[in-house]
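As structure tokens, the structure follows; a few thoughts come after it.
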Amino acid sequence: MRNEGSLMSWEKPITFDTFVRWLIGALVAIGVCYILNYLSSVLLPFFIAWLAAYMLYPMVKFVQYRLHVRSRVLSIVITLVVVTAVIVGIVWLIVPPMVGQFEKLGDLATHYVQSKTQIEDFPTAVQEWIQAHNRDIERFFKSSDFTDVLRQVAPQLFTVLGQTASIIISIIGSFITILYMFFILLDYEYLTNNWIRIFPMKSRPFWQGVATDVERAMNSYIRGQGLVALIMGVLFCIGFTVIDFPMAIGLGILIGIMDLVPYLHSLALIPTVVLALLKAADTGQNFWAILASALAVFLVVQVIIDFVVTPKVMGKAMGLNPAILLLSLSVWGALLGFIGLIIALPLTTLIMAYYQRYVTKEKEPDAAGLTPNQQQQQQQS
């Protein structure tokens with residue numbers, strides 16, 4: 001009977017009043033999207049802070065209630081100190097060895113150039129060359145060629161200055177984001193329980209259901225992607241150790257951390273090439289053979305992750321069939337590029353949930369906007 005009533009409601013004729021309301025709703029949605037796009041640079045730190053607060057809240061809650069720290073402010077500070085210490089420890093494990101390897105590569109390059117050019121002191125050699133060609137240098141600076149070069153370089157110089165200013169603004173934005181995160185964590189329960197009041201009473205069940213589905217999808221996605229990143233890091237550590245690659249453990253940990261954002265670990269190919277070059281220069285082995293072995297590790301691990309680990313782990317976490325999971329990554333990656341790969345799984349889960357709820361009617365929400373499966377999950381938790 002309920003499905004019949006829903007079907008009859010869809011068969012009602014569309015009146016002029018209904019059309020006007022739909023048109024106004026569409027215009028409001030377009031206006032909201034335009035405002036969000038216009039204010040994206042301002043709103044982005046807030047959304048990043050909210051995501052960080054969402055991920056840190058369980059730890060803050062543990063510190064406050066399980067460790068019996070009465071003050072919420074002190075609990076937040078302890079959480080931030082612990083998280084910062086973990087990040088610093090990981091950076092200390094990876095960055096100094098990487099810097100040492102680059103310095104070693106620079107020394108090898110300098111030694112190679114000195115052996116080929118028979119020049120022992122480069123600063124002195126450069127100074128002597130400038131003195132010997134002093135008149136030619138002055139003539140070049142006064143020539144029209146130098147003026148043309150300056151005109152071409154000047155716009156690029158301003159571009160570099162603009163990028164430097166953007167970096168400074170980003171650093172300031174990071175402090176603002178931390179400030180946002182602190183205040184969100186301070187009143188997290190109040191904010192999460194009362195945000196629904198910005199909507200009219202009759203539409204609150206729908207938005208409550210949306211929030212519940214988003215939270216469920218995000219929880220599953222974060223757990224699943226974290227496990228995939230951990231497995232990938234372990235596999236890379238093992239693979240690089242087997243081929244005796246420089247910084248095997250550190251590079252594997254770095255790749256695992258980068259994979260918390262899907263496919264970001266591909267950027268690790270840059271230090272991999274440098275480390276392969278360093279090993280070739282240090283040991284005398286063939287560079288292409290070393291690089292081929294490292295790329296083989298990348299290929300084998302990627303195949304294992306894409307065809308075994310991701311379908312099993314993420315498919316179980318997100319409730320998606322492995323074939324649908326791989327299809328969603330391909331489709332959203334083609335539509336939105338790198339961002340599409342990041343949002344593919346949670347967005348696909350939400351779309352399928354709402355399709356089953358509002359189109360096929362396989363799932364009916366209760367008064368709070370929850371499906372029977374979600375009610376059962378809440379009762380079990």
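Lettering and numbering for the structure tokens are positional, with chains as A, B, ... in the shown order, residues counted from 1 in each chain, and ligands counted from 1 in the shown order.
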Checklist entry - Contacts of segment 234-247 of chain A at 9 Å or less, counting only C-alpha atoms, minus same-chain residues fewer than 6 places along, as a list of chain:residue names? => result A:Ile94, A:Pro97, A:Met98, A:Gln101, A:Ile253, A:Ile255, A:Gly256, A:Thr272, A:Leu275, A:Ala276, A:Leu278, A:Lys279, A:Ile290, A:Ser293, A:Ala294, A:Val297, A:Phe298, A:Val300, A:Val301
Dump of all heavy atoms for the selected residues, as a compact mmCIF listing (two decimals), in the first residue's frame:
```
# COMPACT_ATOMS: atom_id res chain seq x y z
N ILE A 94 61.84 9.82 7.45
CA ILE A 94 61.92 9.83 5.99
C ILE A 94 62.83 10.93 5.45
O ILE A 94 63.69 10.69 4.60
CB ILE A 94 60.50 9.97 5.38
CG1 ILE A 94 59.65 8.75 5.75
CG2 ILE A 94 60.58 10.13 3.87
CD1 ILE A 94 58.22 8.87 5.33
N PRO A 97 67.13 10.93 5.97
CA PRO A 97 67.81 10.00 5.05
C PRO A 97 67.70 10.41 3.59
O PRO A 97 68.66 10.25 2.82
CB PRO A 97 67.09 8.66 5.31
CG PRO A 97 66.53 8.79 6.68
CD PRO A 97 66.15 10.22 6.81
N MET A 98 66.51 10.97 3.21
CA MET A 98 66.35 11.41 1.83
C MET A 98 67.29 12.57 1.52
O MET A 98 67.92 12.61 0.45
CB MET A 98 64.90 11.83 1.60
CG MET A 98 64.57 12.17 0.15
SD MET A 98 64.50 10.71 -0.92
CE MET A 98 62.96 9.97 -0.37
N GLN A 101 70.75 11.28 1.08
CA GLN A 101 70.94 10.63 -0.22
C GLN A 101 71.14 11.67 -1.32
O GLN A 101 71.98 11.50 -2.22
CB GLN A 101 69.73 9.74 -0.54
CG GLN A 101 69.52 8.58 0.42
CD GLN A 101 70.57 7.50 0.26
OE1 GLN A 101 71.27 7.45 -0.75
NE2 GLN A 101 70.70 6.62 1.25
N ILE A 253 57.31 3.55 3.42
CA ILE A 253 56.41 4.28 4.34
C ILE A 253 55.87 5.54 3.67
O ILE A 253 54.68 5.86 3.78
CB ILE A 253 57.16 4.63 5.63
CG1 ILE A 253 57.52 3.35 6.41
CG2 ILE A 253 56.33 5.56 6.51
CD1 ILE A 253 58.38 3.59 7.63
N ILE A 255 55.39 6.09 0.46
CA ILE A 255 54.39 5.71 -0.54
C ILE A 255 53.07 5.32 0.12
O ILE A 255 51.99 5.67 -0.35
CB ILE A 255 54.93 4.56 -1.42
CG1 ILE A 255 56.11 5.07 -2.25
CG2 ILE A 255 53.84 4.01 -2.31
CD1 ILE A 255 56.81 3.99 -3.04
N GLY A 256 53.15 4.59 1.26
CA GLY A 256 51.93 4.23 1.97
C GLY A 256 51.17 5.44 2.47
O GLY A 256 49.94 5.50 2.38
N THR A 272 62.22 7.93 -6.64
CA THR A 272 62.67 6.58 -7.01
C THR A 272 63.73 6.66 -8.11
O THR A 272 64.75 5.95 -8.07
CB THR A 272 61.49 5.72 -7.47
OG1 THR A 272 60.52 5.64 -6.41
CG2 THR A 272 61.94 4.33 -7.85
N LEU A 275 66.97 8.00 -6.56
CA LEU A 275 67.66 6.98 -5.75
C LEU A 275 68.27 5.90 -6.63
O LEU A 275 69.34 5.36 -6.31
CB LEU A 275 66.67 6.37 -4.76
CG LEU A 275 66.20 7.31 -3.64
CD1 LEU A 275 65.08 6.66 -2.83
CD2 LEU A 275 67.36 7.67 -2.72
N ALA A 276 67.62 5.57 -7.74
CA ALA A 276 68.20 4.60 -8.67
C ALA A 276 69.47 5.16 -9.29
O ALA A 276 70.48 4.43 -9.44
CB ALA A 276 67.18 4.25 -9.76
N LEU A 278 71.43 7.34 -7.89
CA LEU A 278 72.42 7.35 -6.82
C LEU A 278 73.04 5.98 -6.63
O LEU A 278 74.27 5.84 -6.50
CB LEU A 278 71.77 7.83 -5.52
CG LEU A 278 72.64 7.77 -4.27
CD1 LEU A 278 73.85 8.68 -4.42
CD2 LEU A 278 71.84 8.13 -3.04
N LYS A 279 72.22 4.95 -6.62
CA LYS A 279 72.75 3.60 -6.44
C LYS A 279 73.66 3.21 -7.61
O LYS A 279 74.71 2.59 -7.41
CB LYS A 279 71.59 2.60 -6.32
CG LYS A 279 72.07 1.17 -6.08
CD LYS A 279 70.92 0.20 -5.95
CE LYS A 279 71.44 -1.23 -5.73
NZ LYS A 279 70.34 -2.21 -5.61
N ILE A 290 68.72 -1.03 -12.58
CA ILE A 290 68.22 -0.68 -11.24
C ILE A 290 66.84 -0.05 -11.34
O ILE A 290 65.92 -0.39 -10.58
CB ILE A 290 69.20 0.26 -10.53
CG1 ILE A 290 70.56 -0.42 -10.35
CG2 ILE A 290 68.65 0.71 -9.18
CD1 ILE A 290 71.63 0.50 -9.83
N SER A 293 64.14 -2.60 -12.17
CA SER A 293 63.75 -3.41 -11.02
C SER A 293 62.81 -2.63 -10.10
O SER A 293 61.84 -3.20 -9.57
CB SER A 293 64.98 -3.89 -10.27
OG SER A 293 65.72 -2.78 -9.76
N ALA A 294 63.09 -1.33 -9.90
CA ALA A 294 62.21 -0.51 -9.06
C ALA A 294 60.85 -0.35 -9.70
O ALA A 294 59.81 -0.44 -9.02
CB ALA A 294 62.86 0.86 -8.82
N VAL A 297 58.78 -3.37 -9.21
CA VAL A 297 58.14 -3.39 -7.88
C VAL A 297 56.87 -2.54 -7.92
O VAL A 297 55.81 -2.96 -7.41
CB VAL A 297 59.11 -2.87 -6.81
CG1 VAL A 297 58.39 -2.71 -5.47
CG2 VAL A 297 60.28 -3.83 -6.65
N PHE A 298 56.95 -1.36 -8.52
CA PHE A 298 55.77 -0.51 -8.66
C PHE A 298 54.66 -1.25 -9.40
O PHE A 298 53.49 -1.23 -8.98
CB PHE A 298 56.12 0.78 -9.41
CG PHE A 298 56.49 1.93 -8.52
CD1 PHE A 298 57.80 2.12 -8.14
CD2 PHE A 298 55.53 2.81 -8.05
CE1 PHE A 298 58.16 3.16 -7.31
CE2 PHE A 298 55.86 3.86 -7.23
CZ PHE A 298 57.18 4.05 -6.85
N VAL A 300 54.17 -4.55 -9.92
CA VAL A 300 53.63 -5.72 -9.21
C VAL A 300 52.73 -5.29 -8.06
O VAL A 300 51.61 -5.81 -7.89
CB VAL A 300 54.78 -6.60 -8.70
CG1 VAL A 300 54.25 -7.70 -7.78
CG2 VAL A 300 55.54 -7.23 -9.87
N VAL A 301 53.20 -4.31 -7.26
CA VAL A 301 52.40 -3.85 -6.12
C VAL A 301 51.12 -3.20 -6.60
O VAL A 301 50.04 -3.43 -6.02
CB VAL A 301 53.22 -2.87 -5.26
CG1 VAL A 301 52.34 -2.25 -4.19
CG2 VAL A 301 54.40 -3.58 -4.63
```
Item to check | Nearby residues (only C-alpha atoms) at most 10 Å from Ile48 of chain A, same-chain spacing under 6 positions excluded, as a PyMOL selection string | outcome: chain A and resi 54+174+177-178+180-181
Could you write out that same residue set with N, CA and C atoms as a tab-separated table (two decimals), in the first residue's frame?
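Final file, result-v3.tsv:
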```tsv
chain	number	residue	atom	x	y	z
A	54	TYR	N	36.55	16.11	12.28
A	54	TYR	CA	35.79	14.85	12.19
A	54	TYR	C	36.69	13.65	12.44
A	174	SER	N	46.72	28.02	6.66
A	174	SER	CA	46.89	26.82	7.49
A	174	SER	C	46.66	27.15	8.97
A	177	THR	N	43.04	27.51	9.44
A	177	THR	CA	42.41	26.19	9.46
A	177	THR	C	42.56	25.53	10.82
A	178	ILE	N	43.75	25.61	11.41
A	178	ILE	CA	43.96	25.04	12.75
A	178	ILE	C	43.06	25.72	13.77
A	180	TYR	N	40.13	27.19	13.14
A	180	TYR	CA	38.79	26.66	12.88
A	180	TYR	C	38.62	25.29	13.53
A	181	MET	N	39.59	24.41	13.30
A	181	MET	CA	39.51	23.05	13.81
A	181	MET	C	39.42	23.03	15.33
```
If we count only C-alpha atoms and set the cut-off at 12 Å, which residues sit around Ala229 of chain A, ignoring sequence neighbours fewer than 5 positions away in its own chain? Please answer as a PDB file with N, CA, C and O atoms, in the first residue's frame.
```
ATOM      1  N   TYR A 221      34.818   4.614   4.113  1.00  0.00           N
ATOM      2  CA  TYR A 221      35.872   4.969   3.162  1.00  0.00           C
ATOM      3  C   TYR A 221      37.201   5.197   3.869  1.00  0.00           C
ATOM      4  O   TYR A 221      38.250   4.721   3.418  1.00  0.00           O
ATOM      5  N   ILE A 222      37.180   5.917   4.985  1.00  0.00           N
ATOM      6  CA  ILE A 222      38.424   6.208   5.704  1.00  0.00           C
ATOM      7  C   ILE A 222      39.047   4.929   6.237  1.00  0.00           C
ATOM      8  O   ILE A 222      40.265   4.716   6.133  1.00  0.00           O
ATOM      9  N   ARG A 223      38.237   4.051   6.824  1.00  0.00           N
ATOM     10  CA  ARG A 223      38.772   2.777   7.318  1.00  0.00           C
ATOM     11  C   ARG A 223      39.346   1.938   6.182  1.00  0.00           C
ATOM     12  O   ARG A 223      40.446   1.388   6.284  1.00  0.00           O
ATOM     13  N   GLY A 224      38.588   1.835   5.093  1.00  0.00           N
ATOM     14  CA  GLY A 224      39.038   1.013   3.978  1.00  0.00           C
ATOM     15  C   GLY A 224      40.295   1.556   3.318  1.00  0.00           C
ATOM     16  O   GLY A 224      41.246   0.816   3.067  1.00  0.00           O
ATOM     17  N   VAL A 234      53.437  -1.656   3.221  1.00  0.00           N
ATOM     18  CA  VAL A 234      54.142  -2.891   3.597  1.00  0.00           C
ATOM     19  C   VAL A 234      54.676  -3.608   2.353  1.00  0.00           C
ATOM     20  O   VAL A 234      55.828  -4.079   2.328  1.00  0.00           O
ATOM     21  N   LEU A 235      53.862  -3.684   1.306  1.00  0.00           N
ATOM     22  CA  LEU A 235      54.300  -4.362   0.083  1.00  0.00           C
ATOM     23  C   LEU A 235      55.486  -3.646  -0.558  1.00  0.00           C
ATOM     24  O   LEU A 235      56.432  -4.293  -1.042  1.00  0.00           O
ATOM     25  N   PHE A 236      55.474  -2.323  -0.566  1.00  0.00           N
ATOM     26  CA  PHE A 236      56.595  -1.582  -1.139  1.00  0.00           C
ATOM     27  C   PHE A 236      57.855  -1.759  -0.290  1.00  0.00           C
ATOM     28  O   PHE A 236      58.964  -1.866  -0.834  1.00  0.00           O
ATOM     29  N   GLY A 252      59.080   3.100   1.272  1.00  0.00           N
ATOM     30  CA  GLY A 252      57.831   2.352   1.367  1.00  0.00           C
ATOM     31  C   GLY A 252      56.826   3.029   2.279  1.00  0.00           C
ATOM     32  O   GLY A 252      55.634   3.098   1.966  1.00  0.00           O
ATOM     33  N   ILE A 253      57.308   3.549   3.422  1.00  0.00           N
ATOM     34  CA  ILE A 253      56.413   4.276   4.340  1.00  0.00           C
ATOM     35  C   ILE A 253      55.868   5.539   3.667  1.00  0.00           C
ATOM     36  O   ILE A 253      54.676   5.863   3.781  1.00  0.00           O
ATOM     37  N   LEU A 254      56.733   6.251   2.948  1.00  0.00           N
ATOM     38  CA  LEU A 254      56.302   7.464   2.249  1.00  0.00           C
ATOM     39  C   LEU A 254      55.218   7.154   1.226  1.00  0.00           C
ATOM     40  O   LEU A 254      54.204   7.863   1.135  1.00  0.00           O
ATOM     41  N   ILE A 255      55.387   6.086   0.465  1.00  0.00           N
ATOM     42  CA  ILE A 255      54.391   5.710  -0.542  1.00  0.00           C
ATOM     43  C   ILE A 255      53.074   5.317   0.125  1.00  0.00           C
ATOM     44  O   ILE A 255      51.992   5.669  -0.350  1.00  0.00           O
ATOM     45  N   GLY A 256      53.151   4.594   1.259  1.00  0.00           N
ATOM     46  CA  GLY A 256      51.932   4.229   1.972  1.00  0.00           C
ATOM     47  C   GLY A 256      51.171   5.443   2.472  1.00  0.00           C
ATOM     48  O   GLY A 256      49.943   5.501   2.380  1.00  0.00           O
ATOM     49  N   ILE A 257      51.890   6.439   2.999  1.00  0.00           N
ATOM     50  CA  ILE A 257      51.237   7.663   3.472  1.00  0.00           C
ATOM     51  C   ILE A 257      50.613   8.417   2.309  1.00  0.00           C
ATOM     52  O   ILE A 257      49.487   8.922   2.401  1.00  0.00           O
ATOM     53  N   MET A 258      51.334   8.494   1.193  1.00  0.00           N
ATOM     54  CA  MET A 258      50.803   9.212   0.027  1.00  0.00           C
ATOM     55  C   MET A 258      49.561   8.531  -0.523  1.00  0.00           C
ATOM     56  O   MET A 258      48.675   9.205  -1.082  1.00  0.00           O
ATOM     57  N   ASP A 259      49.442   7.219  -0.356  1.00  0.00           N
ATOM     58  CA  ASP A 259      48.287   6.506  -0.899  1.00  0.00           C
ATOM     59  C   ASP A 259      47.020   6.715  -0.077  1.00  0.00           C
ATOM     60  O   ASP A 259      45.959   6.222  -0.457  1.00  0.00           O
ATOM     61  N   LEU A 260      47.120   7.432   1.056  1.00  0.00           N
ATOM     62  CA  LEU A 260      45.888   7.806   1.759  1.00  0.00           C
ATOM     63  C   LEU A 260      44.997   8.627   0.841  1.00  0.00           C
ATOM     64  O   LEU A 260      43.774   8.635   0.992  1.00  0.00           O
ATOM     65  N   VAL A 261      45.607   9.354  -0.102  1.00  0.00           N
ATOM     66  CA  VAL A 261      44.869   9.970  -1.213  1.00  0.00           C
ATOM     67  C   VAL A 261      45.089   9.066  -2.420  1.00  0.00           C
ATOM     68  O   VAL A 261      46.230   8.903  -2.858  1.00  0.00           O
ATOM     69  N   PRO A 262      44.058   8.442  -2.977  1.00  0.00           N
ATOM     70  CA  PRO A 262      44.238   7.445  -4.030  1.00  0.00           C
ATOM     71  C   PRO A 262      45.095   7.946  -5.190  1.00  0.00           C
ATOM     72  O   PRO A 262      44.908   9.057  -5.684  1.00  0.00           O
ATOM     73  N   TYR A 263      46.062   7.117  -5.563  1.00  0.00           N
ATOM     74  CA  TYR A 263      46.934   7.332  -6.715  1.00  0.00           C
ATOM     75  C   TYR A 263      47.906   8.497  -6.549  1.00  0.00           C
ATOM     76  O   TYR A 263      48.635   8.832  -7.482  1.00  0.00           O
ATOM     77  N   LEU A 264      47.954   9.125  -5.375  1.00  0.00           N
ATOM     78  CA  LEU A 264      48.949  10.169  -5.144  1.00  0.00           C
ATOM     79  C   LEU A 264      50.349   9.575  -5.044  1.00  0.00           C
ATOM     80  O   LEU A 264      51.346  10.268  -5.291  1.00  0.00           O
ATOM     81  N   HIS A 265      50.430   8.277  -4.713  1.00  0.00           N
ATOM     82  CA  HIS A 265      51.742   7.645  -4.563  1.00  0.00           C
ATOM     83  C   HIS A 265      52.511   7.592  -5.879  1.00  0.00           C
ATOM     84  O   HIS A 265      53.707   7.298  -5.874  1.00  0.00           O
ATOM     85  N   VAL A 301      53.205  -4.311  -7.260  1.00  0.00           N
ATOM     86  CA  VAL A 301      52.404  -3.849  -6.124  1.00  0.00           C
ATOM     87  C   VAL A 301      51.115  -3.203  -6.604  1.00  0.00           C
ATOM     88  O   VAL A 301      50.037  -3.432  -6.024  1.00  0.00           O
ATOM     89  N   GLN A 302      51.180  -2.418  -7.685  1.00  0.00           N
ATOM     90  CA  GLN A 302      49.976  -1.757  -8.189  1.00  0.00           C
ATOM     91  C   GLN A 302      48.951  -2.776  -8.681  1.00  0.00           C
ATOM     92  O   GLN A 302      47.747  -2.619  -8.456  1.00  0.00           O
ATOM     93  N   ILE A 305      47.377  -4.339  -5.608  1.00  0.00           N
ATOM     94  CA  ILE A 305      46.469  -3.409  -4.936  1.00  0.00           C
ATOM     95  C   ILE A 305      45.187  -3.218  -5.739  1.00  0.00           C
ATOM     96  O   ILE A 305      44.075  -3.268  -5.189  1.00  0.00           O
ATOM     97  N   ASP A 306      45.313  -3.009  -7.061  1.00  0.00           N
ATOM     98  CA  ASP A 306      44.143  -2.687  -7.887  1.00  0.00           C
ATOM     99  C   ASP A 306      43.214  -3.873  -8.096  1.00  0.00           C
ATOM    100  O   ASP A 306      41.995  -3.709  -8.147  1.00  0.00           O
ATOM    101  N   VAL A 309      43.608  -6.253  -3.500  1.00  0.00           N
ATOM    102  CA  VAL A 309      43.390  -5.595  -2.216  1.00  0.00           C
ATOM    103  C   VAL A 309      42.217  -4.610  -2.269  1.00  0.00           C
ATOM    104  O   VAL A 309      41.301  -4.685  -1.440  1.00  0.00           O
ATOM    105  N   THR A 310      42.241  -3.689  -3.231  1.00  0.00           N
ATOM    106  CA  THR A 310      41.188  -2.666  -3.288  1.00  0.00           C
ATOM    107  C   THR A 310      39.797  -3.259  -3.481  1.00  0.00           C
ATOM    108  O   THR A 310      38.863  -2.892  -2.768  1.00  0.00           O
ATOM    109  N   VAL A 313      39.032  -5.130   0.044  1.00  0.00           N
ATOM    110  CA  VAL A 313      38.926  -4.273   1.225  1.00  0.00           C
ATOM    111  C   VAL A 313      37.870  -3.191   1.031  1.00  0.00           C
ATOM    112  O   VAL A 313      36.940  -3.049   1.831  1.00  0.00           O
ATOM    113  N   MET A 314      38.002  -2.412  -0.049  1.00  0.00           N
ATOM    114  CA  MET A 314      37.069  -1.307  -0.269  1.00  0.00           C
ATOM    115  C   MET A 314      35.686  -1.816  -0.654  1.00  0.00           C
ATOM    116  O   MET A 314      34.672  -1.201  -0.306  1.00  0.00           O
TER     117      MET A 314
END
```
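Pairwise distance (atom CA of Leu93 of chain A, atom CA of Leu295 of chain A) equals 23.3 Å.
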Next on the checklist: Please compute the atom CA of Arg66 of chain A-atom CA of Leu51 of chain A distance, one decimal, in Å.
Outcome noted: 23.1 Å
